[in-house]
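One file, my_file_3.txt, carrying compact mmCIF, C-alpha atoms:
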```txt
# COMPACT_ATOMS: atom_id res chain seq x y z
CA MET Q 15 50.62 43.63 -148.11
CA GLU Q 16 52.09 40.25 -147.28
CA SER Q 17 52.32 39.38 -143.62
CA SER Q 18 56.01 38.49 -143.92
CA PHE Q 19 56.84 41.82 -145.57
CA LEU Q 20 54.87 43.75 -142.97
CA THR Q 21 56.54 42.04 -140.03
CA ALA Q 22 59.98 41.67 -141.60
CA VAL Q 23 60.39 45.26 -142.83
CA PHE Q 24 58.00 47.79 -141.31
CA LEU Q 25 57.79 46.28 -137.85
CA PRO Q 26 61.56 46.33 -137.17
CA LEU Q 27 61.73 49.86 -138.58
CA ALA Q 28 58.89 51.03 -136.33
CA LEU Q 29 60.36 49.45 -133.23
CA PHE Q 30 63.83 50.79 -134.06
CA ALA Q 31 62.39 54.29 -134.51
CA VAL Q 32 60.40 54.04 -131.25
CA MET Q 33 63.40 52.95 -129.20
CA LEU Q 34 65.81 55.32 -130.98
CA GLY Q 35 63.45 58.21 -130.25
CA MET Q 36 63.38 57.18 -126.60
CA GLY Q 37 67.16 56.97 -126.48
CA LEU Q 38 67.57 60.43 -128.02
CA GLY Q 39 65.87 61.87 -124.93
CA LEU Q 40 67.70 59.74 -122.34
CA THR Q 41 70.84 60.34 -120.30
CA VAL Q 42 72.69 58.22 -117.78
CA ASP Q 43 71.01 60.29 -115.07
CA ASP Q 44 67.66 58.82 -116.13
CA PHE Q 45 68.89 55.39 -115.03
CA THR Q 46 70.46 56.60 -111.79
CA ARG Q 47 67.52 58.80 -110.78
CA VAL Q 48 66.29 55.88 -108.71
CA LEU Q 49 68.51 57.40 -106.03
CA VAL Q 50 66.47 60.62 -106.25
CA TYR Q 51 63.02 58.98 -106.27
CA PRO Q 52 63.73 55.57 -104.68
CA LYS Q 53 60.24 55.08 -103.26
CA ALA Q 54 58.41 56.24 -106.37
CA VAL Q 55 60.60 54.17 -108.71
CA VAL Q 56 60.18 50.99 -106.64
CA VAL Q 57 56.40 51.50 -106.43
CA GLY Q 58 56.16 52.14 -110.17
CA LEU Q 59 58.31 49.14 -111.14
CA LEU Q 60 56.40 46.77 -108.85
CA ALA Q 61 53.13 47.91 -110.39
CA GLN Q 62 54.49 47.61 -113.94
CA LEU Q 63 56.34 44.32 -113.68
CA ILE Q 64 54.22 42.35 -111.19
CA LEU Q 65 50.74 43.82 -110.74
CA LEU Q 66 50.18 44.56 -114.45
CA PRO Q 67 50.82 40.97 -115.67
CA LEU Q 68 48.62 39.68 -112.82
CA LEU Q 69 45.88 42.07 -113.93
CA GLY Q 70 46.26 40.93 -117.54
CA PHE Q 71 46.05 37.28 -116.48
CA GLY Q 72 42.94 37.94 -114.41
CA LEU Q 73 41.16 39.72 -117.27
CA ALA Q 74 42.22 37.13 -119.86
CA SER Q 75 40.95 34.37 -117.57
CA VAL Q 76 37.62 35.96 -116.67
CA LEU Q 77 36.54 37.49 -119.97
CA PRO Q 78 35.43 35.27 -122.89
CA LEU Q 79 38.52 35.13 -125.13
CA THR Q 80 39.95 32.47 -127.39
CA PRO Q 81 43.22 31.01 -126.03
CA GLU Q 82 45.20 32.80 -128.76
CA LEU Q 83 43.71 36.20 -127.96
CA ALA Q 84 44.23 35.58 -124.23
CA VAL Q 85 47.93 35.03 -124.94
CA GLY Q 86 47.92 38.23 -127.01
CA VAL Q 87 46.55 40.14 -124.02
CA MET Q 88 49.30 38.71 -121.83
CA ILE Q 89 51.97 39.72 -124.35
CA LEU Q 90 50.60 43.26 -124.15
CA ALA Q 91 50.57 43.21 -120.33
CA ALA Q 92 54.21 42.04 -120.37
CA CYS Q 93 55.33 45.15 -122.30
CA PRO Q 94 54.89 48.15 -119.98
CA GLY Q 95 55.96 51.68 -120.68
CA GLY Q 96 57.27 53.26 -123.85
CA PRO Q 97 57.91 56.74 -125.25
CA THR Q 98 54.16 57.46 -125.51
CA SER Q 99 53.84 57.29 -121.73
CA ASN Q 100 56.47 60.02 -121.36
CA LEU Q 101 54.52 62.30 -123.71
CA VAL Q 102 51.21 61.66 -121.92
CA THR Q 103 52.87 62.31 -118.55
CA TYR Q 104 54.18 65.63 -119.86
CA LEU Q 105 50.74 66.64 -121.15
CA ALA Q 106 49.19 65.59 -117.82
CA ARG Q 107 51.64 67.82 -115.88
CA GLY Q 108 53.12 64.78 -114.18
CA ASN Q 109 56.66 64.04 -113.02
CA VAL Q 110 58.30 63.60 -116.42
CA ALA Q 111 61.71 62.75 -114.93
CA LEU Q 112 60.15 59.89 -112.95
CA SER Q 113 58.24 58.73 -116.04
CA ILE Q 114 61.42 58.64 -118.13
CA THR Q 115 63.28 56.79 -115.37
CA LEU Q 116 60.55 54.14 -115.11
CA THR Q 117 60.50 53.72 -118.88
CA ALA Q 118 64.28 53.40 -119.02
CA ILE Q 119 64.59 50.88 -116.20
CA SER Q 120 61.58 48.80 -117.25
CA SER Q 121 63.00 48.61 -120.77
CA LEU Q 122 66.06 46.90 -119.30
CA VAL Q 123 64.18 44.58 -116.95
CA THR Q 124 61.50 43.47 -119.42
CA VAL Q 125 64.19 42.03 -121.67
CA PHE Q 126 64.26 39.21 -119.09
CA THR Q 127 60.64 39.22 -117.86
CA ILE Q 128 58.86 39.15 -121.24
CA PRO Q 129 59.88 35.58 -122.21
CA LEU Q 130 58.95 34.36 -118.72
CA VAL Q 131 55.49 35.96 -118.75
CA VAL Q 132 54.73 34.97 -122.35
CA ASN Q 133 55.78 31.35 -121.89
CA LEU Q 134 53.71 31.06 -118.69
CA ALA Q 135 50.74 32.54 -120.56
CA MET Q 136 51.07 30.11 -123.45
CA GLY Q 137 51.26 27.23 -121.04
CA ALA Q 138 48.21 28.46 -119.09
CA PHE Q 139 45.94 29.30 -122.03
CA LEU Q 140 47.13 27.03 -124.84
CA GLY Q 141 48.22 24.11 -122.66
CA GLU Q 142 49.18 21.02 -124.61
CA ALA Q 143 48.10 22.78 -127.80
CA ALA Q 144 51.00 25.20 -127.43
CA ALA Q 145 53.40 24.32 -130.21
CA LEU Q 146 55.19 27.64 -129.71
CA SER Q 147 57.49 28.92 -127.02
CA LEU Q 148 60.06 31.63 -126.55
CA PRO Q 149 63.45 30.10 -125.71
CA PHE Q 150 64.66 32.23 -122.82
CA GLY Q 151 68.27 32.85 -123.81
CA ALA Q 152 67.64 33.44 -127.49
CA THR Q 153 64.61 35.65 -126.79
CA VAL Q 154 66.49 37.76 -124.26
CA GLY Q 155 69.20 38.31 -126.86
CA GLN Q 156 66.73 39.21 -129.62
CA ILE Q 157 64.71 41.61 -127.47
CA ALA Q 158 67.94 43.23 -126.29
CA VAL Q 159 69.04 43.73 -129.89
CA ILE Q 160 65.75 45.26 -131.07
CA THR Q 161 65.27 47.49 -128.02
CA LEU Q 162 68.51 48.23 -126.18
CA ILE Q 163 70.76 48.82 -129.19
CA PRO Q 164 68.65 51.65 -130.69
CA VAL Q 165 68.24 53.13 -127.19
CA ALA Q 166 72.02 53.04 -126.76
CA ILE Q 167 72.56 54.68 -130.18
CA GLY Q 168 70.12 57.43 -129.22
CA MET Q 169 71.84 58.00 -125.88
CA VAL Q 170 75.27 58.21 -127.54
CA LEU Q 171 73.93 60.81 -130.00
CA HIS Q 172 72.31 62.71 -127.12
CA HIS Q 173 75.61 62.75 -125.22
CA TYR Q 174 77.97 63.66 -128.05
CA ARG Q 175 75.63 65.60 -130.37
CA PRO Q 176 72.94 67.04 -128.08
CA GLN Q 177 71.76 69.73 -130.49
CA PHE Q 178 71.46 67.23 -133.33
CA ALA Q 179 69.62 64.79 -131.05
CA THR Q 180 67.16 67.49 -130.02
CA ARG Q 181 66.48 68.43 -133.65
CA VAL Q 182 65.82 64.91 -134.87
CA GLU Q 183 64.04 63.52 -131.80
CA ARG Q 184 60.64 64.88 -132.74
CA GLY Q 185 60.96 63.73 -136.35
CA VAL Q 186 61.95 60.22 -135.25
CA LYS Q 187 58.95 60.01 -132.92
CA TRP Q 188 56.56 61.12 -135.68
CA LEU Q 189 58.15 58.53 -137.99
CA SER Q 190 57.62 55.81 -135.38
CA LEU Q 191 53.96 56.81 -135.02
CA ALA Q 192 53.50 56.74 -138.80
CA LEU Q 193 55.09 53.30 -139.08
CA LEU Q 194 53.05 51.99 -136.14
CA GLY Q 195 49.89 53.27 -137.83
CA LEU Q 196 50.90 51.50 -141.05
CA ILE Q 197 51.53 48.24 -139.18
CA ILE Q 198 48.20 48.40 -137.35
CA ALA Q 199 46.40 49.17 -140.59
CA GLY Q 200 48.20 46.29 -142.31
CA LEU Q 201 47.32 43.83 -139.55
CA LEU Q 202 43.68 44.89 -139.62
CA VAL Q 203 43.54 44.69 -143.42
CA GLN Q 204 45.05 41.20 -143.37
CA GLN Q 205 42.40 40.16 -140.86
CA ARG Q 206 39.62 42.31 -142.39
CA ALA Q 207 37.17 39.42 -142.49
CA SER Q 208 37.54 39.05 -138.72
CA VAL Q 209 38.12 42.68 -137.67
CA ALA Q 210 34.59 43.23 -136.37
CA GLY Q 211 34.81 40.00 -134.42
CA PHE Q 212 38.22 40.93 -133.01
CA PHE Q 213 36.92 44.31 -131.87
CA ALA Q 214 33.98 42.57 -130.25
CA GLN Q 215 36.26 40.05 -128.55
CA VAL Q 216 39.28 42.11 -127.47
CA GLY Q 217 38.07 45.72 -127.70
CA LEU Q 218 36.48 45.48 -124.27
CA VAL Q 219 39.32 43.59 -122.60
CA THR Q 220 42.01 45.94 -123.95
CA LEU Q 221 39.99 48.99 -122.90
CA VAL Q 222 39.43 47.51 -119.45
CA LEU Q 223 43.12 46.59 -119.20
CA ASN Q 224 44.05 50.17 -120.06
CA LEU Q 225 41.60 51.82 -117.64
CA VAL Q 226 42.02 49.41 -114.74
CA ALA Q 227 45.82 49.53 -115.09
CA MET Q 228 45.65 53.33 -114.83
CA ALA Q 229 43.44 53.05 -111.77
CA LEU Q 230 45.82 50.46 -110.32
CA GLY Q 231 48.82 52.72 -110.88
CA TYR Q 232 47.05 55.65 -109.28
CA GLY Q 233 45.87 53.52 -106.37
CA VAL Q 234 49.32 52.18 -105.46
CA ALA Q 235 50.84 55.67 -105.83
CA VAL Q 236 48.24 57.16 -103.47
CA ALA Q 237 48.66 54.26 -101.05
CA ALA Q 238 52.40 54.97 -101.06
CA ARG Q 239 51.61 58.65 -100.31
CA LEU Q 240 53.43 60.01 -103.33
CA ASP Q 241 52.92 63.60 -104.47
CA ARG Q 242 50.44 64.38 -107.25
CA PRO Q 243 52.97 64.71 -110.13
CA SER Q 244 54.59 61.39 -109.18
CA ALA Q 245 51.19 59.69 -108.85
CA THR Q 246 50.29 61.02 -112.30
CA ALA Q 247 53.52 59.62 -113.78
CA ILE Q 248 52.96 56.18 -112.26
CA THR Q 249 49.32 56.17 -113.40
CA VAL Q 250 50.43 56.71 -116.98
CA GLU Q 251 53.43 54.37 -116.84
CA VAL Q 252 51.30 51.49 -115.57
CA GLY Q 253 48.34 52.28 -117.82
CA ILE Q 254 50.05 52.91 -121.17
CA GLN Q 255 51.70 49.84 -122.70
CA ASN Q 256 54.38 49.55 -125.39
CA GLY Q 257 52.08 48.33 -128.15
CA THR Q 258 54.83 48.33 -130.79
CA LEU Q 259 57.00 45.95 -128.77
CA ALA Q 260 53.99 43.71 -128.06
CA ILE Q 261 53.20 43.52 -131.79
CA ALA Q 262 56.85 42.68 -132.48
CA ILE Q 263 56.93 39.89 -129.90
CA ALA Q 264 53.76 38.36 -131.36
CA SER Q 265 54.43 38.68 -135.07
CA ALA Q 266 58.14 39.16 -135.77
CA PRO Q 267 59.51 36.24 -137.85
CA THR Q 268 62.38 35.70 -135.40
CA LEU Q 269 60.08 35.57 -132.35
CA LEU Q 270 56.57 34.05 -132.23
CA ASN Q 271 55.71 34.84 -135.88
CA GLN Q 272 51.96 34.67 -135.16
CA PRO Q 273 50.22 37.88 -136.37
CA ASP Q 274 46.93 36.72 -134.83
CA LEU Q 275 48.49 37.12 -131.37
CA ALA Q 276 49.24 40.78 -132.21
CA ILE Q 277 45.56 41.72 -132.66
CA PRO Q 278 45.00 42.72 -129.00
CA ALA Q 279 48.08 44.98 -129.10
CA ALA Q 280 46.99 46.52 -132.42
CA ILE Q 281 43.50 47.34 -131.15
CA TYR Q 282 44.90 48.51 -127.81
CA SER Q 283 47.27 50.87 -129.62
CA LEU Q 284 44.27 52.57 -131.22
CA LEU Q 285 42.36 52.90 -127.95
CA MET Q 286 45.21 54.10 -125.75
CA PHE Q 287 45.61 57.40 -127.58
CA ALA Q 288 42.01 58.29 -126.77
CA THR Q 289 42.17 57.21 -123.12
CA GLY Q 290 45.67 58.64 -122.63
CA GLY Q 291 44.62 61.96 -124.15
CA ALA Q 292 41.49 62.10 -122.02
CA PHE Q 293 43.49 61.38 -118.86
CA ALA Q 294 46.13 63.97 -119.76
CA TRP Q 295 43.43 66.63 -120.25
CA TRP Q 296 41.72 65.74 -116.96
CA ALA Q 297 44.97 65.64 -114.97
CA ALA Q 298 46.18 68.95 -116.45
CA GLN Q 299 42.86 70.64 -115.62
CA ARG Q 300 43.02 69.25 -112.09
CA GLY Q 301 46.57 70.51 -111.67
CA ASP Q 302 45.57 73.98 -112.86
CA ARG Q 303 42.68 74.09 -110.38
CA GLU Q 304 44.97 73.08 -107.52
CA LYS Q 305 47.42 75.85 -108.44
CA THR Q 306 44.59 78.38 -108.59
CA LEU Q 307 43.29 77.33 -105.15
CA ALA Q 308 46.80 77.44 -103.74
```
For this file, write the structure as C-alpha cells.
Amino acid sequence: MESSFLTAVFLPLALFAVMLGMGLGLTVDDFTRVLVYPKAVVVGLLAQLILLPLLGFGLASVLPLTPELAVGVMILAACPGGPTSNLVTYLARGNVALSITLTAISSLVTVFTIPLVVNLAMGAFLGEAAALSLPFGATVGQIAVITLIPVAIGMVLHHYRPQFATRVERGVKWLSLALLGLIIAGLLVQQRASVAGFFAQVGLVTLVLNLVAMALGYGVAVAARLDRPSATAITVEVGIQNGTLAIAIASAPTLLNQPDLAIPAAIYSLLMFATGGAFAWWAAQRGDREKTLA
C-alpha cells in the first residue's frame, strides 16, 4: 500500500469516523457540564493540556530517541482524549459524563494547542535541521475541519434524529477501530524493515507515557480530593491519547506528511488497549469491592 494512498484515503476516513462517532454521543450539555463539575473539569484539563505535554517532553528528552521519534512522542502527548477514553471510563465504572465533557472541551482547545506544542517540539529536538513546521493559522483551520466538523455533524444527528444516532453510533465506532487497525498495519508494513527497531526504541517510551500519564491523572485527582468515579475518569482521560489524530498530524499530506513521525502513535495505539483494558478491569473490581464493603 502506498504511503500517499494510506494517508490520503484511509487516514481521513478513520479520523472522520472517530470524530463522527464521538459527536453522535454528544449533546450541548456535555460542553456546559463544566458548570456541574467545575473543579473536576479544570483539574482534568490542566492535566491534559499542560502536564501531559510536559511529561512527554521530559520522557522524550531523557530516553534515548532519535530527534524524529522524540517529535513523534510529543505529537502524541499533544493529542489527549478521544472516544476510546470514554469507553474505558465506562468499563472502569468511572464518571462517564465527566469523561465525555473533558473529551469534548479538549477537542476544541487542542485545535489551538497542537500546532504550538508540535512546533516547539520540532524546534527543541530537530533544531536547525527542522525543515518542517505547522503554520499556526492554516493548521488550526485544518485540524478544525478534520475534527470539529464531523463532531458537529454527529451532534446534529443526535439532536434531530436521536434514535438513528443511537443505532449507528456503535457501527461507526467499530468502523473507526477497523480503519485505525488498517492504518497501523499499513504503517508497520511500510516500515517493516525497521519495525523491530521502532518497537525497541519507542515501545518503552510510549508504554511509560501511557502508564505515567495515568498515574499523573490519578495523582492530581486525588490531590484535588475528587470522588472515586471522577478520579477514575481523569485517570483515563489523561492516560489515553487520541492516537488517530496524532497519526493524522504526523502523516497527513496536508499537515506534516512524515509517516516516520507517526510510528510512536501507531505503536502506542496498540499498547493502550491492553493497558486501558487492564486498568478498566482493576478499577471495576475495586469499585465492586467498595460497594460490597459499604
Skipping near chain neighbours, those fewer than 4 positions away, what residues fall within 8 Å of Ala229 of chain Q using only C-alpha atoms, listed as number ranges by chain?
Q: 225, 233, 249, 253
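Of the residues under consideration (Q:Leu83, Q:Leu59, Q:Ile128, Q:Val154), Q:Leu83 shows the shortest atom-to-atom contact distance to Ile277 of chain Q when counting all atoms listed in the file.
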So, counting all atoms listed in the file, which residue among Q:Ala106, Q:Ala245, Q:Leu189, Q:Leu63 is closest to Ile119 of chain Q?
Q:Leu63
Find the residues with any atom within 9 Å of (64.8, 59.4, -122.8); use all atoms listed in the file and the coordinates as given in the file, and write the answer as a list in words.
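Using all atoms listed in the file, the matching residues come out as Gly35, Met36, Gly37, Leu38, Gly39, Leu40, Thr41, Asp44, Pro97, Asn100, Ile114, Thr115, Thr117, Ala118, Val165, Gly168 and Met169 of chain Q.
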Can you tell me how far atom CA of Val234 of chain Q sits from atom CA of Leu122 of chain Q, in Å to one decimal?
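Atom-to-atom, atom CA of Val234 of chain Q and atom CA of Leu122 of chain Q are spaced 22.4 Å apart.
In this model, the gap between atom CA of Asp241 of chain Q and atom CA of Met33 of chain Q comes to 28.9 Å.
The shortest atom-to-atom distance to Gln62 of chain Q, with all atoms listed in the file taken into account, belongs to Q:Tyr232 out of Q:Trp295, Q:Phe45, Q:Phe213, Q:Tyr232.
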For atom CA of Ala288 of chain Q and atom CA of Ala179 of chain Q, quote the distance in Å rounded to one decimal.
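Separation of atom CA of Ala288 of chain Q and atom CA of Ala179 of chain Q: 28.7 Å.
The residue that comes closest to Val131 of chain Q, out of Q:Val250, Q:Ala235, Q:Leu66, Q:Leu79 and on the basis of all atoms listed in the file, is Q:Leu66.
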Given all atoms listed in the file as the counted atoms, nearest of Q:Phe212, Q:Leu90, Q:Val186, Q:Leu285 to Asn256 of chain Q
Q:Leu90
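Distances from Q:Met228, Q:Leu221, Q:Ile157, Q:Leu162 to Leu284 of chain Q were compared using all atoms listed in the file, and the smallest one belongs to Q:Leu221.
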